[in-house]
file structure38.txt (compact mmCIF, C-alpha atoms and all ligand atoms)
# COMPACT_ATOMS: atom_id res chain seq x y z
CA MET A 1 73.92 -13.28 -56.19
CA GLY A 2 70.57 -14.48 -54.85
CA LYS A 3 70.09 -17.84 -53.19
CA LEU A 4 69.67 -20.80 -55.50
CA ASP A 5 66.10 -22.05 -55.75
CA ASN A 6 66.97 -25.47 -54.33
CA GLN A 7 68.71 -24.04 -51.24
CA PRO A 8 66.74 -23.89 -47.97
CA GLY A 9 65.60 -20.42 -46.96
CA ARG A 10 67.26 -18.51 -44.13
CA LEU A 11 64.26 -19.23 -41.89
CA ALA A 12 63.55 -22.78 -43.00
CA GLY A 13 61.65 -24.68 -40.31
CA LYS A 14 61.11 -21.60 -38.13
CA VAL A 15 57.77 -20.48 -36.69
CA ALA A 16 57.22 -16.70 -36.69
CA LEU A 17 54.48 -14.74 -34.96
CA ILE A 18 54.11 -11.18 -36.25
CA THR A 19 51.68 -8.85 -34.48
CA GLY A 20 50.06 -6.36 -36.84
CA GLY A 21 50.97 -8.36 -39.94
CA ASN A 22 48.21 -7.28 -42.30
CA SER A 23 49.76 -3.98 -43.38
CA GLY A 24 52.93 -1.99 -43.89
CA ILE A 25 56.13 -3.23 -42.24
CA GLY A 26 54.48 -6.28 -40.65
CA LEU A 27 53.08 -7.49 -43.97
CA ALA A 28 56.34 -6.92 -45.86
CA THR A 29 58.21 -8.83 -43.15
CA ALA A 30 55.67 -11.66 -43.14
CA LYS A 31 56.06 -12.08 -46.90
CA LEU A 32 59.84 -12.11 -46.68
CA PHE A 33 59.84 -14.54 -43.74
CA ALA A 34 57.55 -16.93 -45.64
CA LYS A 35 59.73 -16.66 -48.74
CA GLU A 36 62.67 -17.65 -46.54
CA GLY A 37 60.83 -20.75 -45.35
CA ALA A 38 59.16 -19.66 -42.10
CA LYS A 39 55.67 -20.67 -41.05
CA VAL A 40 54.06 -17.31 -40.30
CA VAL A 41 51.12 -16.33 -38.10
CA ILE A 42 49.96 -12.71 -38.17
CA SER A 43 47.50 -10.77 -36.02
CA GLY A 44 45.45 -7.66 -36.59
CA ARG A 45 42.05 -6.10 -36.12
CA ARG A 46 40.66 -6.06 -39.66
CA GLU A 47 39.62 -9.54 -40.78
CA ASP A 48 39.35 -8.71 -44.50
CA ALA A 49 42.88 -7.31 -44.48
CA LEU A 50 44.13 -10.34 -42.54
CA LYS A 51 42.58 -12.77 -45.06
CA ASP A 52 44.03 -10.82 -47.95
CA ALA A 53 47.46 -10.67 -46.26
CA VAL A 54 47.56 -14.42 -45.58
CA ALA A 55 46.86 -15.07 -49.26
CA GLN A 56 49.77 -12.79 -50.19
CA ILE A 57 52.14 -14.28 -47.62
CA GLY A 58 51.68 -17.92 -48.64
CA ASN A 59 53.60 -20.93 -47.26
CA GLY A 60 50.66 -21.91 -45.05
CA ALA A 61 50.44 -18.55 -43.28
CA ASP A 62 47.58 -18.08 -40.86
CA TYR A 63 45.98 -15.19 -38.99
CA VAL A 64 44.46 -14.43 -35.60
CA LEU A 65 41.83 -11.72 -35.30
CA ALA A 66 42.75 -9.85 -32.13
CA ASP A 67 42.61 -6.27 -30.89
CA ALA A 68 45.95 -5.45 -29.27
CA ALA A 69 44.25 -2.81 -27.13
CA ILE A 70 42.65 -5.63 -25.11
CA VAL A 71 45.16 -7.33 -22.84
CA SER A 72 43.67 -10.82 -23.20
CA SER A 73 44.41 -10.71 -26.92
CA ALA A 74 48.07 -11.42 -26.16
CA LYS A 75 47.14 -14.87 -24.85
CA LYS A 76 44.70 -15.45 -27.69
CA VAL A 77 47.36 -14.76 -30.34
CA VAL A 78 50.05 -16.84 -28.65
CA ASP A 79 47.68 -19.75 -27.94
CA ALA A 80 46.51 -19.87 -31.56
CA THR A 81 50.10 -19.90 -32.85
CA VAL A 82 51.18 -22.62 -30.43
CA ALA A 83 48.05 -24.70 -31.14
CA LYS A 84 49.01 -24.72 -34.80
CA HIS A 85 52.81 -24.94 -34.68
CA GLY A 86 53.76 -26.00 -31.14
CA ARG A 87 56.26 -23.20 -30.51
CA ILE A 88 57.38 -19.69 -31.53
CA ASP A 89 60.94 -19.22 -32.81
CA ILE A 90 60.60 -15.60 -33.90
CA LEU A 91 58.33 -13.10 -32.16
CA PHE A 92 58.05 -9.79 -34.02
CA LEU A 93 56.27 -7.24 -31.80
CA ASN A 94 55.23 -4.95 -34.59
CA ALA A 95 51.61 -3.84 -34.10
CA GLY A 96 51.48 -0.18 -33.25
CA VAL A 97 49.63 3.08 -33.64
CA ALA A 98 50.89 6.65 -33.83
CA TYR A 99 48.83 9.70 -32.91
CA PHE A 100 50.50 13.09 -32.77
CA LEU A 101 49.36 15.93 -30.49
CA PRO A 102 51.18 18.68 -28.61
CA ILE A 103 51.36 18.17 -24.85
CA ASP A 104 48.65 20.73 -24.06
CA ALA A 105 46.18 18.90 -26.31
CA ILE A 106 46.64 15.34 -25.10
CA ASP A 107 44.01 13.63 -23.00
CA GLU A 108 43.89 10.35 -21.13
CA ASP A 109 42.47 8.48 -24.10
CA HIS A 110 45.34 9.64 -26.34
CA PHE A 111 47.78 8.39 -23.72
CA ASP A 112 46.06 5.11 -22.82
CA THR A 113 45.31 4.02 -26.38
CA GLN A 114 48.92 4.30 -27.46
CA PHE A 115 50.35 2.78 -24.28
CA ASN A 116 47.86 -0.13 -24.39
CA ILE A 117 48.63 -1.04 -28.00
CA ASN A 118 52.31 -0.10 -28.26
CA VAL A 119 53.54 -1.11 -24.79
CA LYS A 120 51.10 -3.17 -22.72
CA ASN A 121 50.36 -5.58 -25.55
CA PRO A 122 54.04 -6.35 -26.31
CA PHE A 123 54.79 -6.84 -22.59
CA PHE A 124 51.97 -9.35 -22.14
CA THR A 125 52.65 -11.03 -25.49
CA VAL A 126 56.20 -11.73 -24.34
CA LYS A 127 54.90 -13.03 -21.02
CA GLU A 128 52.42 -15.39 -22.72
CA ALA A 129 54.93 -16.48 -25.36
CA LEU A 130 57.80 -17.18 -22.99
CA PRO A 131 56.91 -20.80 -22.13
CA HIS A 132 56.73 -21.51 -25.87
CA LEU A 133 60.00 -19.88 -26.93
CA PRO A 134 62.68 -22.53 -27.37
CA GLU A 135 66.35 -21.93 -26.68
CA GLY A 136 67.73 -19.74 -29.43
CA ALA A 137 64.44 -17.95 -30.12
CA VAL A 138 64.46 -14.24 -30.93
CA ILE A 139 62.16 -11.40 -29.89
CA ILE A 140 62.20 -8.31 -32.10
CA SER A 141 60.42 -5.08 -31.10
CA ASN A 142 59.47 -2.46 -33.63
CA THR A 143 60.46 0.81 -31.96
CA SER A 144 61.13 4.08 -33.85
CA VAL A 145 63.57 6.87 -34.48
CA VAL A 146 61.24 8.97 -32.31
CA GLY A 147 62.76 7.27 -29.27
CA GLN A 148 66.01 9.05 -30.10
CA LYS A 149 64.82 12.40 -31.49
CA GLY A 150 62.46 15.07 -30.21
CA PHE A 151 59.87 15.61 -32.93
CA ASP A 152 56.99 17.97 -32.11
CA GLY A 153 53.74 16.32 -31.14
CA THR A 154 55.18 12.87 -30.55
CA GLY A 155 55.39 13.01 -26.75
CA VAL A 156 53.22 9.99 -25.98
CA TYR A 157 54.15 7.98 -29.09
CA SER A 158 57.87 8.52 -28.41
CA ALA A 159 57.43 7.45 -24.80
CA THR A 160 55.80 4.20 -25.92
CA LYS A 161 58.71 3.41 -28.21
CA ALA A 162 61.29 4.28 -25.55
CA ALA A 163 59.51 1.86 -23.20
CA LEU A 164 59.81 -0.93 -25.74
CA ARG A 165 63.45 -0.17 -26.34
CA SER A 166 64.05 -0.48 -22.59
CA LEU A 167 62.21 -3.80 -22.49
CA THR A 168 64.57 -5.13 -25.16
CA ARG A 169 67.56 -4.34 -22.99
CA VAL A 170 66.07 -5.88 -19.85
CA LEU A 171 64.98 -9.06 -21.61
CA ALA A 172 68.44 -9.55 -23.12
CA SER A 173 69.56 -10.11 -19.55
CA GLU A 174 66.45 -11.73 -18.04
CA LEU A 175 66.16 -14.36 -20.79
CA LYS A 176 69.82 -15.25 -21.03
CA ALA A 177 69.33 -18.64 -19.37
CA LYS A 178 67.33 -19.73 -22.44
CA LYS A 179 69.76 -18.01 -24.83
CA ILE A 180 66.88 -15.99 -26.25
CA ARG A 181 68.01 -12.90 -28.15
CA THR A 182 65.96 -9.72 -27.83
CA VAL A 183 66.52 -6.85 -30.23
CA SER A 184 64.74 -3.75 -31.48
CA VAL A 185 64.50 -2.34 -34.95
CA ALA A 186 64.03 1.44 -35.05
CA PRO A 187 62.55 2.61 -38.34
CA GLY A 188 62.87 6.16 -39.56
CA PRO A 189 60.09 7.44 -41.82
CA ILE A 190 58.84 4.43 -43.79
CA GLU A 191 56.16 4.66 -46.46
CA THR A 192 53.25 2.67 -45.00
CA PRO A 193 49.50 3.21 -44.42
CA ILE A 194 50.26 4.48 -40.89
CA TYR A 195 50.50 8.05 -42.22
CA GLY A 196 46.83 7.90 -43.21
CA LYS A 197 45.85 6.93 -39.66
CA LEU A 198 47.54 9.73 -37.68
CA GLY A 199 44.31 11.64 -37.26
CA MET A 200 45.79 14.67 -39.04
CA PRO A 201 44.55 16.49 -42.16
CA GLU A 202 46.13 15.14 -45.38
CA GLU A 203 47.89 18.47 -46.07
CA ALA A 204 49.54 18.45 -42.63
CA VAL A 205 50.65 14.84 -43.13
CA GLN A 206 52.22 15.74 -46.50
CA GLU A 207 54.01 18.70 -44.94
CA MET A 208 55.26 16.64 -42.02
CA GLY A 209 56.40 13.86 -44.38
CA ALA A 210 58.36 16.30 -46.53
CA GLY A 211 59.94 17.66 -43.34
CA PHE A 212 60.99 14.18 -42.23
CA ALA A 213 62.39 13.26 -45.64
CA SER A 214 64.45 16.45 -45.82
CA GLN A 215 66.11 15.60 -42.50
CA VAL A 216 67.04 12.06 -43.55
CA PRO A 217 70.63 12.06 -44.87
CA LEU A 218 69.50 9.75 -47.69
CA GLY A 219 66.79 12.32 -48.49
CA ARG A 220 63.77 10.05 -48.67
CA PHE A 221 61.35 7.75 -46.89
CA GLY A 222 62.35 4.11 -46.60
CA SER A 223 60.20 1.27 -47.89
CA ALA A 224 58.56 -1.49 -45.87
CA ASP A 225 60.71 -3.97 -47.82
CA GLU A 226 63.89 -2.22 -46.63
CA LEU A 227 62.66 -2.61 -43.07
CA ALA A 228 61.78 -6.26 -43.65
CA ASN A 229 65.34 -6.94 -44.88
CA ALA A 230 66.73 -5.63 -41.59
CA VAL A 231 64.24 -7.64 -39.54
CA LEU A 232 65.20 -10.77 -41.49
CA PHE A 233 68.86 -10.14 -40.63
CA LEU A 234 67.97 -9.84 -36.92
CA ALA A 235 65.67 -12.89 -36.99
CA SER A 236 67.97 -15.21 -38.91
CA ASN A 237 71.22 -16.86 -38.01
CA ASP A 238 72.99 -13.94 -39.71
CA GLY A 239 72.21 -11.95 -36.56
CA SER A 240 73.17 -14.75 -34.16
CA PHE A 241 75.49 -12.58 -32.03
CA VAL A 242 73.36 -9.43 -32.15
CA ASN A 243 71.57 -9.05 -28.83
CA GLY A 244 70.04 -6.28 -26.71
CA VAL A 245 70.60 -3.58 -29.33
CA GLU A 246 68.34 -1.25 -31.25
CA LEU A 247 69.15 -1.31 -34.97
CA GLU A 248 68.33 2.00 -36.63
CA VAL A 249 66.93 1.61 -40.14
CA ASP A 250 66.35 5.25 -40.86
CA GLY A 251 68.62 6.43 -43.65
CA GLY A 252 70.82 8.01 -40.99
CA LEU A 253 68.14 10.25 -39.43
CA SER A 254 68.96 9.28 -35.83
CA GLN A 255 72.65 10.05 -36.33
CA VAL A 256 72.50 13.67 -37.54
N1 LIG B 1 55.91 3.82 -40.92
C1 LIG B 1 56.80 4.48 -40.19
O1 LIG B 1 57.29 5.53 -40.59
C2 LIG B 1 57.23 3.94 -38.85
C3 LIG B 1 58.33 4.54 -38.24
C4 LIG B 1 58.74 4.07 -37.01
C5 LIG B 1 58.08 3.02 -36.40
N2 LIG B 1 57.01 2.45 -37.03
C6 LIG B 1 56.36 1.34 -36.33
O2 LIG B 1 56.17 0.25 -37.21
C7 LIG B 1 55.07 -0.55 -36.76
C8 LIG B 1 54.22 -0.92 -37.96
O3 LIG B 1 53.68 0.28 -38.49
P1 LIG B 1 53.45 0.52 -40.04
O4 LIG B 1 54.14 1.77 -40.41
O5 LIG B 1 53.69 -0.71 -40.81
O6 LIG B 1 51.89 0.91 -40.02
P2 LIG B 1 50.56 0.17 -40.49
O7 LIG B 1 50.66 -0.18 -41.93
O8 LIG B 1 49.47 1.05 -40.03
O9 LIG B 1 50.57 -1.19 -39.67
C9 LIG B 1 50.22 -1.22 -38.33
C10 LIG B 1 49.83 -2.64 -37.99
O10 LIG B 1 49.51 -2.69 -36.60
C11 LIG B 1 48.24 -3.27 -36.45
N3 LIG B 1 47.52 -2.74 -35.31
C12 LIG B 1 47.41 -1.45 -34.93
N4 LIG B 1 46.61 -1.35 -33.86
C13 LIG B 1 46.21 -2.61 -33.58
C14 LIG B 1 45.37 -3.17 -32.59
N5 LIG B 1 44.75 -2.42 -31.67
N6 LIG B 1 45.19 -4.51 -32.60
C15 LIG B 1 45.78 -5.29 -33.52
N7 LIG B 1 46.58 -4.82 -34.47
C16 LIG B 1 46.79 -3.50 -34.50
C17 LIG B 1 47.50 -2.95 -37.72
O11 LIG B 1 46.45 -3.88 -37.90
P3 LIG B 1 44.96 -3.32 -38.24
O12 LIG B 1 45.14 -2.50 -39.46
O13 LIG B 1 44.16 -4.56 -38.45
O14 LIG B 1 44.54 -2.51 -37.06
C18 LIG B 1 48.60 -3.09 -38.75
O15 LIG B 1 48.75 -4.44 -39.14
C19 LIG B 1 54.37 0.27 -35.69
O16 LIG B 1 54.70 -0.23 -34.41
C20 LIG B 1 54.94 1.67 -35.87
O17 LIG B 1 54.95 2.40 -34.68
C21 LIG B 1 56.57 2.88 -38.23
call {"tool": "encode", "arguments": {"input": "structure38.txt", "output": "structure tokens", "more": "lines below"}}
Ligand SMILES: NC(=O)c1ccc[n+]([C@@H]2O[C@H](COP(=O)([O-])OP(=O)(O)OC[C@H]3O[C@@H](n4cnc5c(N)ncnc54)[C@H](OP(=O)(O)O)[C@@H]3O)[C@@H](O)[C@H]2O)c1
result
Amino acid sequence: MGKLDNQPGRLAGKVALITGGNSGIGLATAKLFAKEGAKVVISGRREDALKDAVAQIGNGADYVLADAAIVSSAKKVVDATVAKHGRIDILFLNAGVAYFLPIDAIDEDHFDTQFNINVKNPFFTVKEALPHLPEGAVIISNTSVVGQKGFDGTGVYSATKAALRSLTRVLASELKAKKIRTVSVAPGPIETPIYGKLGMPEEAVQEMGAGFASQVPLGRFGSADELANAVLFLASNDGSFVNGVELEVDGGLSQV
């Protein structure tokens, strides 16, 4: 049975900052958070997509135009959120890129781009956000099943996600004085626009996608909404004793 209309949402009164909230998993999560009563701020690079996303999210959502590849953007995004809402209760480190190349084809740019966006930005976003995270706040990192499996061509991308997973563990201990929970969500293959941005020919993407789906015990891609449901669990009081872990939301792919 769904919640009654006159009941407060599961995130009523909470302030959520979601990096990369104009698309895919970030957007689905932002919409769900707002529906559950949170005040949401999203970041991203494409202003048209951000404006469109904010209109879809509702509940007074706002956006910050910021390129996660530039380290100062972490401060910009945090400062804008705090200027508007005074604090951050839920920090969803979601912005990320995925580029797949075999090891003999990678170059420094392939490495640096992914590490700057997927690792350096979350690290500095946490650092900037820390003074504004009240006791009981939660930090959620979007990692990936690739941190647990060895898929061809994902050497650098997998390493970025493994780094984030490690950060989650360390912060669970480092931030214990403020009773801040830090968790990761590890998606399996999820149907989002990211597959159009891999830098691979469409045919190769289709083939790779079919390969992924066939390895998932549930036999399919997940949806961004299914991911958002798991992130809501981790962000809300329902996940109040879940800390330091990585929650796989992958149809069982990591377990077989
Ligand atoms: N889809 C999957 O199968 C899957 C599986 C495992 C993990 N993940 C992880 O899930 C997260 C979200 O991905 P998604 O699948 O939802 O893909 P998506 O639809 O492409 O969303 C990626 C988001 O990250 C933002 N972003 C990327 N680079 C950025 C930058 N330099 N500066 C600011 N924002 C940036 C994008 O904003 P702009 O469009 O404005 O750049 C977008 O909002 C990523 O961390 C990804 O690694 C996805």
call {"tool": "atom_distance", "arguments": {"input": "structure38.txt", "atom1": "atom C7 of ligand LIG 1 (chain B)", "atom2": "CA of Ser23 (chain A)"}}
result
9.2 Å
call {"tool": "residues_near_ligand", "arguments": {"input": "structure38.txt", "ligand": "ligand LIG 1 (chain B)", "cutoff": "6 Å", "atoms": "only C-alpha atoms and all ligand atoms", "output": "VMD selection string"}}
result
chain A and resid 20 to 26 44 to 46 66 to 69 94 to 98 117 142 to 144 187 to 194
call {"tool": "atom_distance", "arguments": {"input": "structure38.txt", "atom1": "CA of Asp52 (chain A)", "atom2": "CA of Leu17 (chain A)"}}
result
17.1 Å
call {"tool": "closest_residue", "arguments": {"input": "structure38.txt", "among": "A:Asp48, A:Leu167, A:Ser43, A:Tyr99", "to": "Val77 (chain A)", "atoms": "only C-alpha atoms"}}
result
A:Ser43
call {"tool": "atom_distance", "arguments": {"input": "structure38.txt", "atom1": "CA of Val249 (chain A)", "atom2": "CA of Gln148 (chain A)"}}
result
12.5 Å
call {"tool": "closest_residue", "arguments": {"input": "structure38.txt", "among": "A:Pro134, A:Gly147, A:Pro8, A:Gly153", "to": "Leu175 (chain A)", "atoms": "all atoms listed in the file"}}
result
A:Pro134
call {"tool": "closest_residue", "arguments": {"input": "structure38.txt", "among": "A:Ala38, A:Leu253, A:Leu93, A:Val119", "to": "Gly222 (chain A)", "atoms": "only C-alpha atoms"}}
result
A:Leu253
call {"tool": "closest_residue", "arguments": {"input": "structure38.txt", "among": "A:Val156, A:Leu50, A:Val15, A:Ala28", "to": "Asp107 (chain A)", "atoms": "all atoms listed in the file"}}
result
A:Val156
call {"tool": "closest_residue", "arguments": {"input": "structure38.txt", "among": "A:Asp89, A:Asp104, A:Glu202, A:Glu207", "to": "Arg181 (chain A)", "atoms": "only C-alpha atoms"}}
result
A:Asp89
call {"tool": "decode", "arguments": {"input": "structure38.txt", "residues": "region 224-235 of chain A", "atoms": "N, CA, C and O atoms", "output": "CSV table (one decimal), in the first residue's frame"}}
result
chain,number,residue,atom,x,y,z
A,224,ALA,N,16.4,3.3,-14.2
A,224,ALA,CA,16.9,4.4,-13.3
A,224,ALA,C,16.0,4.5,-12.1
A,224,ALA,O,16.4,4.8,-11.0
A,225,ASP,N,14.7,4.2,-12.3
A,225,ASP,CA,13.8,4.2,-11.1
A,225,ASP,C,14.1,3.1,-10.1
A,225,ASP,O,13.9,3.4,-8.9
A,226,GLU,N,14.5,2.0,-10.6
A,226,GLU,CA,14.9,0.9,-9.6
A,226,GLU,C,16.1,1.3,-8.8
A,226,GLU,O,16.2,1.0,-7.6
A,227,LEU,N,17.0,2.0,-9.5
A,227,LEU,CA,18.2,2.5,-8.7
A,227,LEU,C,17.8,3.6,-7.7
A,227,LEU,O,18.2,3.5,-6.6
A,228,ALA,N,16.9,4.5,-8.2
A,228,ALA,CA,16.4,5.5,-7.3
A,228,ALA,C,15.8,5.0,-6.0
A,228,ALA,O,16.0,5.5,-4.9
A,229,ASN,N,15.0,3.9,-6.2
A,229,ASN,CA,14.4,3.3,-5.0
A,229,ASN,C,15.4,2.8,-4.0
A,229,ASN,O,15.2,3.0,-2.8
A,230,ALA,N,16.5,2.3,-4.5
A,230,ALA,CA,17.5,1.8,-3.5
A,230,ALA,C,18.2,3.0,-2.9
A,230,ALA,O,18.6,2.9,-1.7
A,231,VAL,N,18.5,4.0,-3.6
A,231,VAL,CA,19.1,5.2,-3.1
A,231,VAL,C,18.2,5.9,-2.0
A,231,VAL,O,18.7,6.3,-1.0
A,232,LEU,N,16.9,5.9,-2.3
A,232,LEU,CA,16.0,6.4,-1.3
A,232,LEU,C,16.1,5.6,0.0
A,232,LEU,O,16.1,6.2,1.1
A,233,PHE,N,16.1,4.3,-0.1
A,233,PHE,CA,16.3,3.4,1.1
A,233,PHE,C,17.5,3.9,1.9
A,233,PHE,O,17.5,4.1,3.1
A,234,LEU,N,18.6,4.0,1.2
A,234,LEU,CA,19.9,4.3,1.8
A,234,LEU,C,19.9,5.7,2.5
A,234,LEU,O,20.4,6.0,3.5
A,235,ALA,N,19.2,6.7,1.8
A,235,ALA,CA,19.1,8.1,2.2
A,235,ALA,C,18.2,8.3,3.4
A,235,ALA,O,18.4,9.2,4.1
